[in-house]
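Asks: Input file: query00.cif. Contents: mmCIF, C-alpha atoms.
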data_input
#
loop_
_atom_site.group_PDB
_atom_site.id
_atom_site.type_symbol
_atom_site.label_atom_id
_atom_site.label_comp_id
_atom_site.auth_asym_id
_atom_site.auth_seq_id
_atom_site.Cartn_x
_atom_site.Cartn_y
_atom_site.Cartn_z
ATOM 1 C CA ASP A 1 14.049 10.822 26.125
ATOM 2 C CA GLN A 2 12.190 12.673 23.399
ATOM 3 C CA GLN A 3 14.337 13.177 20.336
ATOM 4 C CA VAL A 4 11.705 15.238 18.510
ATOM 5 C CA LYS A 5 9.803 17.851 20.498
ATOM 6 C CA GLN A 6 6.783 19.940 19.675
ATOM 7 C CA ASN A 7 6.399 22.146 22.710
ATOM 8 C CA SER A 8 3.055 23.707 21.801
ATOM 9 C CA PRO A 9 0.207 21.234 22.257
ATOM 10 C CA SER A 10 -2.174 23.655 20.568
ATOM 11 C CA LEU A 11 -2.190 26.835 18.496
ATOM 12 C CA SER A 12 -5.097 29.079 17.559
ATOM 13 C CA VAL A 13 -4.822 31.308 14.456
ATOM 14 C CA GLN A 14 -7.290 33.526 12.682
ATOM 15 C CA GLU A 15 -8.324 32.571 9.159
ATOM 16 C CA GLY A 16 -6.173 34.296 6.544
ATOM 17 C CA ARG A 17 -3.243 34.872 8.906
ATOM 18 C CA ILE A 18 0.025 32.960 9.058
ATOM 19 C CA SER A 19 0.297 29.772 11.138
ATOM 20 C CA ILE A 20 3.756 28.900 12.437
ATOM 21 C CA LEU A 21 4.334 25.472 13.955
ATOM 22 C CA ASN A 22 7.639 24.719 15.633
ATOM 23 C CA CYS A 23 9.683 21.578 16.185
ATOM 24 C CA ASP A 24 13.006 20.920 17.924
ATOM 25 C CA TYR A 25 15.185 17.833 17.718
ATOM 26 C CA THR A 26 18.093 16.590 19.778
ATOM 27 C CA ASN A 27 19.642 13.859 17.603
ATOM 28 C CA SER A 28 22.222 15.461 15.291
ATOM 29 C CA MET A 29 22.186 12.328 13.108
ATOM 30 C CA PHE A 30 18.720 13.214 11.775
ATOM 31 C CA ASP A 31 19.020 14.463 8.211
ATOM 32 C CA TYR A 32 15.511 14.223 6.787
ATOM 33 C CA PHE A 33 12.490 15.977 8.267
ATOM 34 C CA LEU A 34 8.814 15.781 7.461
ATOM 35 C CA TRP A 35 5.520 17.345 8.473
ATOM 36 C CA TYR A 36 2.323 15.334 8.572
ATOM 37 C CA LYS A 37 -1.239 16.509 9.026
ATOM 38 C CA LYS A 38 -3.776 14.351 10.820
ATOM 39 C CA TYR A 39 -7.537 14.582 11.069
ATOM 40 C CA PRO A 40 -9.403 12.599 13.767
ATOM 41 C CA ALA A 41 -9.959 8.910 12.911
ATOM 42 C CA GLU A 42 -7.690 9.142 9.845
ATOM 43 C CA GLY A 43 -4.077 8.272 9.157
ATOM 44 C CA PRO A 44 -1.383 10.956 8.954
ATOM 45 C CA THR A 45 -1.149 12.670 5.572
ATOM 46 C CA PHE A 46 2.227 13.759 4.243
ATOM 47 C CA LEU A 47 2.523 17.533 3.804
ATOM 48 C CA ILE A 48 6.078 18.558 3.101
ATOM 49 C CA SER A 49 9.653 17.456 3.770
ATOM 50 C CA ILE A 50 13.142 18.884 3.836
ATOM 51 C CA SER A 51 16.595 17.382 3.601
ATOM 52 C CA SER A 52 19.389 18.646 5.826
ATOM 53 C CA ILE A 53 21.244 19.963 2.782
ATOM 54 C CA LYS A 54 18.559 22.629 2.411
ATOM 55 C CA ASP A 55 17.293 25.312 4.763
ATOM 56 C CA LYS A 56 13.944 25.962 3.086
ATOM 57 C CA ASN A 57 11.377 24.083 1.043
ATOM 58 C CA GLU A 58 8.096 25.444 -0.335
ATOM 59 C CA ASP A 59 4.976 23.791 -1.631
ATOM 60 C CA GLY A 60 2.066 26.118 -2.287
ATOM 61 C CA ARG A 61 0.867 27.590 1.002
ATOM 62 C CA PHE A 62 3.313 25.463 3.019
ATOM 63 C CA THR A 63 6.938 26.318 3.712
ATOM 64 C CA VAL A 64 9.313 24.429 5.968
ATOM 65 C CA PHE A 65 12.420 26.096 7.381
ATOM 66 C CA LEU A 66 15.346 24.166 8.839
ATOM 67 C CA ASN A 67 17.977 25.650 11.168
ATOM 68 C CA LYS A 68 20.526 22.885 11.656
ATOM 69 C CA SER A 69 22.715 24.778 14.114
ATOM 70 C CA ALA A 70 19.717 25.323 16.393
ATOM 71 C CA LYS A 71 18.258 21.860 15.651
ATOM 72 C CA HIS A 72 14.974 23.568 14.902
ATOM 73 C CA LEU A 73 12.440 23.450 12.111
ATOM 74 C CA SER A 74 9.214 25.271 11.522
ATOM 75 C CA LEU A 75 6.201 24.947 9.245
ATOM 76 C CA HIS A 76 4.587 28.111 7.913
ATOM 77 C CA ILE A 77 1.081 28.035 6.465
ATOM 78 C CA VAL A 78 0.049 31.165 4.561
ATOM 79 C CA PRO A 79 -2.791 32.026 4.382
ATOM 80 C CA SER A 80 -4.405 29.774 6.980
ATOM 81 C CA GLN A 81 -7.719 28.231 5.960
ATOM 82 C CA PRO A 82 -10.455 26.474 7.992
ATOM 83 C CA GLY A 83 -9.514 23.110 6.440
ATOM 84 C CA ASP A 84 -6.051 23.470 7.967
ATOM 85 C CA SER A 85 -7.505 22.768 11.413
ATOM 86 C CA ALA A 86 -5.888 19.450 12.352
ATOM 87 C CA VAL A 87 -3.050 17.952 14.393
ATOM 88 C CA TYR A 88 0.370 18.513 12.826
ATOM 89 C CA PHE A 89 3.224 16.106 13.502
ATOM 90 C CA CYS A 90 6.876 16.800 12.982
ATOM 91 C CA ALA A 91 8.964 13.703 12.149
ATOM 92 C CA ALA A 92 12.641 13.021 11.556
ATOM 93 C CA SER A 93 14.815 10.229 10.223
ATOM 94 C CA PHE A 94 18.381 9.312 9.426
ATOM 95 C CA MET A 95 18.890 8.339 5.787
ATOM 96 C CA TYR A 96 21.570 5.752 5.079
ATOM 97 C CA SER A 97 24.119 6.642 2.407
ATOM 98 C CA GLY A 98 22.882 3.817 0.198
ATOM 99 C CA GLY A 99 19.281 4.867 0.635
ATOM 100 C CA GLY A 100 16.634 3.816 3.088
ATOM 101 C CA ALA A 101 15.996 4.532 6.734
ATOM 102 C CA ASP A 102 14.931 2.647 9.848
ATOM 103 C CA GLY A 103 11.771 4.619 10.452
ATOM 104 C CA LEU A 104 10.455 7.969 11.556
ATOM 105 C CA THR A 105 10.711 9.537 15.004
ATOM 106 C CA PHE A 106 7.655 11.655 15.715
ATOM 107 C CA GLY A 107 6.900 14.586 17.970
ATOM 108 C CA LYS A 108 3.710 14.589 20.044
ATOM 109 C CA GLY A 109 1.909 16.913 17.666
ATOM 110 C CA THR A 110 0.406 20.405 17.713
ATOM 111 C CA HIS A 111 -3.328 20.887 17.388
ATOM 112 C CA LEU A 112 -3.866 23.821 15.015
ATOM 113 C CA ILE A 113 -7.228 25.561 15.251
ATOM 114 C CA ILE A 114 -8.141 28.064 12.539
ATOM 115 C CA GLN A 115 -10.745 30.530 13.759
ATOM 116 C CA PRO A 116 -13.099 32.249 11.299
ATOM 117 C CA ASN B 1 -4.652 3.001 -6.668
ATOM 118 C CA ALA B 2 -5.883 2.418 -3.104
ATOM 119 C CA GLY B 3 -2.552 3.256 -1.412
ATOM 120 C CA VAL B 4 -2.192 1.657 2.030
ATOM 121 C CA THR B 5 -5.193 -0.255 3.340
ATOM 122 C CA GLN B 6 -5.666 -1.647 6.839
ATOM 123 C CA THR B 7 -8.186 -4.085 8.283
ATOM 124 C CA PRO B 8 -10.033 -4.166 10.571
ATOM 125 C CA LYS B 9 -10.888 -0.530 11.381
ATOM 126 C CA PHE B 10 -11.887 -1.366 14.947
ATOM 127 C CA ARG B 11 -11.445 -4.367 17.205
ATOM 128 C CA ILE B 12 -12.086 -5.222 20.855
ATOM 129 C CA LEU B 13 -10.024 -8.070 22.305
ATOM 130 C CA LYS B 14 -10.065 -9.812 25.638
ATOM 131 C CA ILE B 15 -6.830 -10.134 27.604
ATOM 132 C CA GLY B 16 -4.854 -13.117 26.307
ATOM 133 C CA GLN B 17 -6.542 -13.299 22.914
ATOM 134 C CA SER B 18 -4.598 -13.145 19.663
ATOM 135 C CA MET B 19 -5.204 -11.294 16.444
ATOM 136 C CA THR B 20 -3.559 -10.183 13.225
ATOM 137 C CA LEU B 21 -3.775 -6.646 11.907
ATOM 138 C CA GLN B 22 -3.647 -6.649 8.125
ATOM 139 C CA CYS B 23 -1.810 -4.105 5.981
ATOM 140 C CA THR B 24 -1.604 -4.039 2.193
ATOM 141 C CA GLN B 25 -0.100 -1.509 -0.195
ATOM 142 C CA ASP B 26 -0.480 -1.361 -3.981
ATOM 143 C CA MET B 27 2.299 1.136 -4.723
ATOM 144 C CA ASN B 28 5.066 -1.478 -5.092
ATOM 145 C CA HIS B 29 6.919 0.107 -2.177
ATOM 146 C CA ASN B 30 9.909 -1.724 -0.739
ATOM 147 C CA TYR B 31 9.642 -0.324 2.775
ATOM 148 C CA MET B 32 6.784 -0.982 5.134
ATOM 149 C CA TYR B 33 6.282 0.047 8.775
ATOM 150 C CA TRP B 34 4.024 -0.470 11.762
ATOM 151 C CA TYR B 35 3.480 2.324 14.299
ATOM 152 C CA ARG B 36 1.261 2.717 17.326
ATOM 153 C CA GLN B 37 -0.171 5.952 18.637
ATOM 154 C CA ASP B 38 -1.299 6.325 22.232
ATOM 155 C CA PRO B 39 -3.526 9.247 23.298
ATOM 156 C CA GLY B 40 -1.684 12.579 23.301
ATOM 157 C CA MET B 41 1.490 11.003 21.989
ATOM 158 C CA GLY B 42 3.341 10.807 18.718
ATOM 159 C CA LEU B 43 3.591 7.638 16.679
ATOM 160 C CA LYS B 44 6.111 5.031 17.817
ATOM 161 C CA LEU B 45 7.743 2.484 15.511
ATOM 162 C CA ILE B 46 6.963 -1.162 16.289
ATOM 163 C CA TYR B 47 8.517 -3.071 13.369
ATOM 164 C CA TYR B 48 9.634 -2.314 9.872
ATOM 165 C CA SER B 49 10.633 -4.148 6.690
ATOM 166 C CA VAL B 50 12.975 -3.074 3.903
ATOM 167 C CA GLY B 51 11.733 -5.760 1.520
ATOM 168 C CA ALA B 52 10.103 -9.164 1.283
ATOM 169 C CA GLY B 53 11.643 -11.596 3.743
ATOM 170 C CA ILE B 54 13.393 -8.891 5.796
ATOM 171 C CA THR B 55 12.025 -7.449 9.036
ATOM 172 C CA ASP B 56 13.538 -5.582 11.961
ATOM 173 C CA LYS B 57 12.496 -4.258 15.359
ATOM 174 C CA GLY B 58 11.636 -0.655 16.010
ATOM 175 C CA GLU B 59 11.358 1.242 19.289
ATOM 176 C CA VAL B 60 8.488 -0.760 20.877
ATOM 177 C CA PRO B 61 8.470 -4.352 19.485
ATOM 178 C CA ASN B 62 7.606 -6.318 22.649
ATOM 179 C CA GLY B 63 4.360 -8.266 22.375
ATOM 180 C CA TYR B 64 4.249 -8.117 18.575
ATOM 181 C CA ASN B 65 5.448 -10.149 15.614
ATOM 182 C CA VAL B 66 5.567 -9.454 11.889
ATOM 183 C CA SER B 67 6.245 -11.239 8.632
ATOM 184 C CA ARG B 68 6.802 -10.025 5.068
ATOM 185 C CA SER B 69 6.303 -12.805 2.575
ATOM 186 C CA THR B 70 5.254 -10.504 -0.285
ATOM 187 C CA THR B 71 6.000 -6.907 -1.282
ATOM 188 C CA GLU B 72 2.355 -5.941 -0.826
ATOM 189 C CA ASP B 73 1.506 -7.341 2.620
ATOM 190 C CA PHE B 74 2.909 -6.679 6.085
ATOM 191 C CA PRO B 75 0.703 -8.214 8.813
ATOM 192 C CA LEU B 76 1.211 -7.426 12.508
ATOM 193 C CA ARG B 77 0.489 -10.225 14.984
ATOM 194 C CA LEU B 78 -0.478 -9.815 18.645
ATOM 195 C CA GLU B 79 -0.093 -13.170 20.392
ATOM 196 C CA LEU B 80 -1.292 -12.528 23.966
ATOM 197 C CA ALA B 81 -3.198 -9.254 24.066
ATOM 198 C CA ALA B 82 -2.624 -7.029 27.100
ATOM 199 C CA PRO B 83 -4.370 -3.772 28.147
ATOM 200 C CA SER B 84 -1.106 -1.911 27.408
ATOM 201 C CA GLN B 85 -1.615 -2.748 23.731
ATOM 202 C CA THR B 86 -4.782 -0.656 23.572
ATOM 203 C CA SER B 87 -3.826 1.899 20.937
ATOM 204 C CA VAL B 88 -4.335 3.024 17.367
ATOM 205 C CA TYR B 89 -2.117 1.141 14.929
ATOM 206 C CA PHE B 90 -0.908 2.663 11.675
ATOM 207 C CA CYS B 91 0.775 0.922 8.798
ATOM 208 C CA ALA B 92 2.913 2.904 6.359
ATOM 209 C CA SER B 93 4.913 2.285 3.205
ATOM 210 C CA SER B 94 7.715 4.069 1.394
ATOM 211 C CA LEU B 95 9.449 3.625 -1.935
ATOM 212 C CA ARG B 96 12.967 4.571 -0.818
ATOM 213 C CA GLY B 97 12.600 4.814 2.959
ATOM 214 C CA ASP B 98 12.214 8.585 3.017
ATOM 215 C CA THR B 99 8.624 9.842 2.709
ATOM 216 C CA GLN B 100 6.142 7.415 4.252
ATOM 217 C CA TYR B 101 2.483 7.090 3.323
ATOM 218 C CA PHE B 102 0.065 5.940 5.980
ATOM 219 C CA GLY B 103 -3.051 3.820 6.087
ATOM 220 C CA PRO B 104 -6.235 4.872 7.918
ATOM 221 C CA GLY B 105 -5.412 2.984 11.117
ATOM 222 C CA THR B 106 -6.852 0.214 13.288
ATOM 223 C CA ARG B 107 -8.287 1.174 16.676
ATOM 224 C CA LEU B 108 -7.674 -1.697 19.120
ATOM 225 C CA THR B 109 -9.071 -1.986 22.629
ATOM 226 C CA VAL B 110 -7.953 -4.765 24.974
ATOM 227 C CA LEU B 111 -10.256 -5.386 27.952
#
Would you write out, as structure tokens, the structure that this file holds?

Replies:
Amino acid sequence: DQQVKQNSPSLSVQEGRISILNCDYTNSMFDYFLWYKKYPAEGPTFLISISSIKDKNEDGRFTVFLNKSAKHLSLHIVPSQPGDSAVYFCAASFMYSGGGADGLTFGKGTHLIIQP
Amino acid sequence: NAGVTQTPKFRILKIGQSMTLQCTQDMNHNYMYWYRQDPGMGLKLIYYSVGAGITDKGEVPNGYNVSRSTTEDFPLRLELAAPSQTSVYFCASSLRGDTQYFGPGTRLTVL
């Protein structure tokens, strides 16, 4: 039973255009969401996160949107660059009121290909 | 500041052999985690620790053991290697348990 789903295994976008990666979750207890970027033979690199008290968070070219009622989040990359070609993982966790969490639940990833 | 380091990078084991995957972080993070990633899948939590002396099971703990005697180190032990444990193993750390920072991974093959 997948609690975090990334339904697009791959996505091809032209350089300079917007890349939109989607993620759905089923566990309503999740309240902290993250996006990681992963190159082959490397560990995941943290990109951006969002708490459930917000619906949008921006960091440079990256923006994450959260729709709690739909249990859906998306990552927008504008403009897309060749170095953005990688696998992107959506992850979620439940933060305890005193701080801390058990761990992250990951989606299967979306392979983003930026075409010149 | 090296972040999270893992050794070895690669390892081939025979069925039934044992080994320890090493993980060290120099960020003074309280939380540390072990994940495995199988081909085409997301990462799955094996074990985690909220501080020295405290460990707990994640989603897929069978066949593994951990210990946390210091803040910096969180080794993962495989006692009797099986082909199902062929995977890439990632260690991560976090200051407060929210954003996690990952090491480069250990690619393990069990034949």

Asks: Can you list, as a ChimeraX atom specification, every protein, DNA or RNA residue that comes within 7 Å of stretch 30-43 of chain A when you count only C-alpha atoms, leaving out same-chain residues fewer than 3 positions away?

Replies: /A:27,46-52,86-95 /B:90,102-105

Asks: Given a cut-off of 12 Å, which residues of chain B touch chain A, counting only C-alpha atoms, written out as number ranges by chain?

Replies: B: 3-6, 9-10, 29-51, 55-59, 88-107

Asks: Between A:Lys68, A:His76, A:His111, A:Arg61, which residue has the minimum interatomic distance to A:Tyr25, considering only C-alpha atoms?

Replies: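 Nearest candidate to A:Tyr25 out of A:Lys68, A:His76, A:His111, A:Arg61: A:Lys68.
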
Asks: Mind giving me the straight-line distance from atom CA of B:Ser87 to atom CA of A:Leu73 in Å, one decimal?

Replies: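 Here the two named atoms are 28.4 Å from each other.
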
Asks: Run through the PyMOL selection byres ((chain A and resi 79) around 8) on the given coordinates and return the selected residues as a PyMOL selection string.

Replies: chain A and resi 15-19+61+77-78+80-81

Asks: Might you pull out every residue within 10 Å of A:His72, with only C-alpha atoms counted and same-chain residues fewer than 2 positions away left off, and present them as a list in words?

Replies: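 Non-adjacent residues within range: Val4, Lys5, Asn22, Cys23, Asp24, Tyr25, Thr26, Phe65, Leu66, Asn67, Lys68, Ser69, Ala70 and Ser74 of chain A.
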
Asks: What is the atom CA of A:Gln3 to atom CA of B:Arg77 distance in Å?

Replies: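 Interatomic distance here is 27.7 Å.
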
Asks: Work out how far atom CA of B:Arg68 is from atom CA of B:Leu13, in Å to one decimal.

Replies: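 Distance between the two atoms: 24.2 Å.
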
Asks: Please provide the set of residues having any atom within 9 Å of stretch 80-86 of chain B, restricted to all atoms listed in the file, with same-chain residues fewer than 5 positions apart removed, written as an NGL selection string.

Replies: :B and (13-19 or 36 or 38 or 63-64 or 107-111)

Asks: Box for stretch 17-24 of chain A - axis-aligned, 5 Å on each of the six sides, all listed atoms - centre and size in Å to one decimal, as lines of an AutoDock Vina configuration file.

Replies:
center_x = 4.9
center_y = 27.9
center_z = 13.4
size_x = 26.2
size_y = 24.0
size_z = 19.0

Asks: Find the spatial neighbours of B:Gly53, counting all atoms listed in the file, within a cut-off of 8 Å - ignore same-chain residues fewer than 5 positions away - and output them as a PDB file with C-alpha atoms, in the frame of the given file.

Replies:
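selection-v4.pdb, freshly written:
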ATOM      1  CA  SER B  67       6.245 -11.239   8.632  1.00  0.00           C
ATOM      2  CA  ARG B  68       6.802 -10.025   5.068  1.00  0.00           C
ATOM      3  CA  SER B  69       6.303 -12.805   2.575  1.00  0.00           C
ATOM      4  CA  THR B  70       5.254 -10.504  -0.285  1.00  0.00           C
TER       5      THR B  70
END

Asks: Which residues are close to B:Asn65, i.e. within 8 Å by all atoms listed in the file, leaving aside same-chain residues fewer than 6 positions away? Reply as a PyMOL selection string.

Replies: chain B and resi 76-79
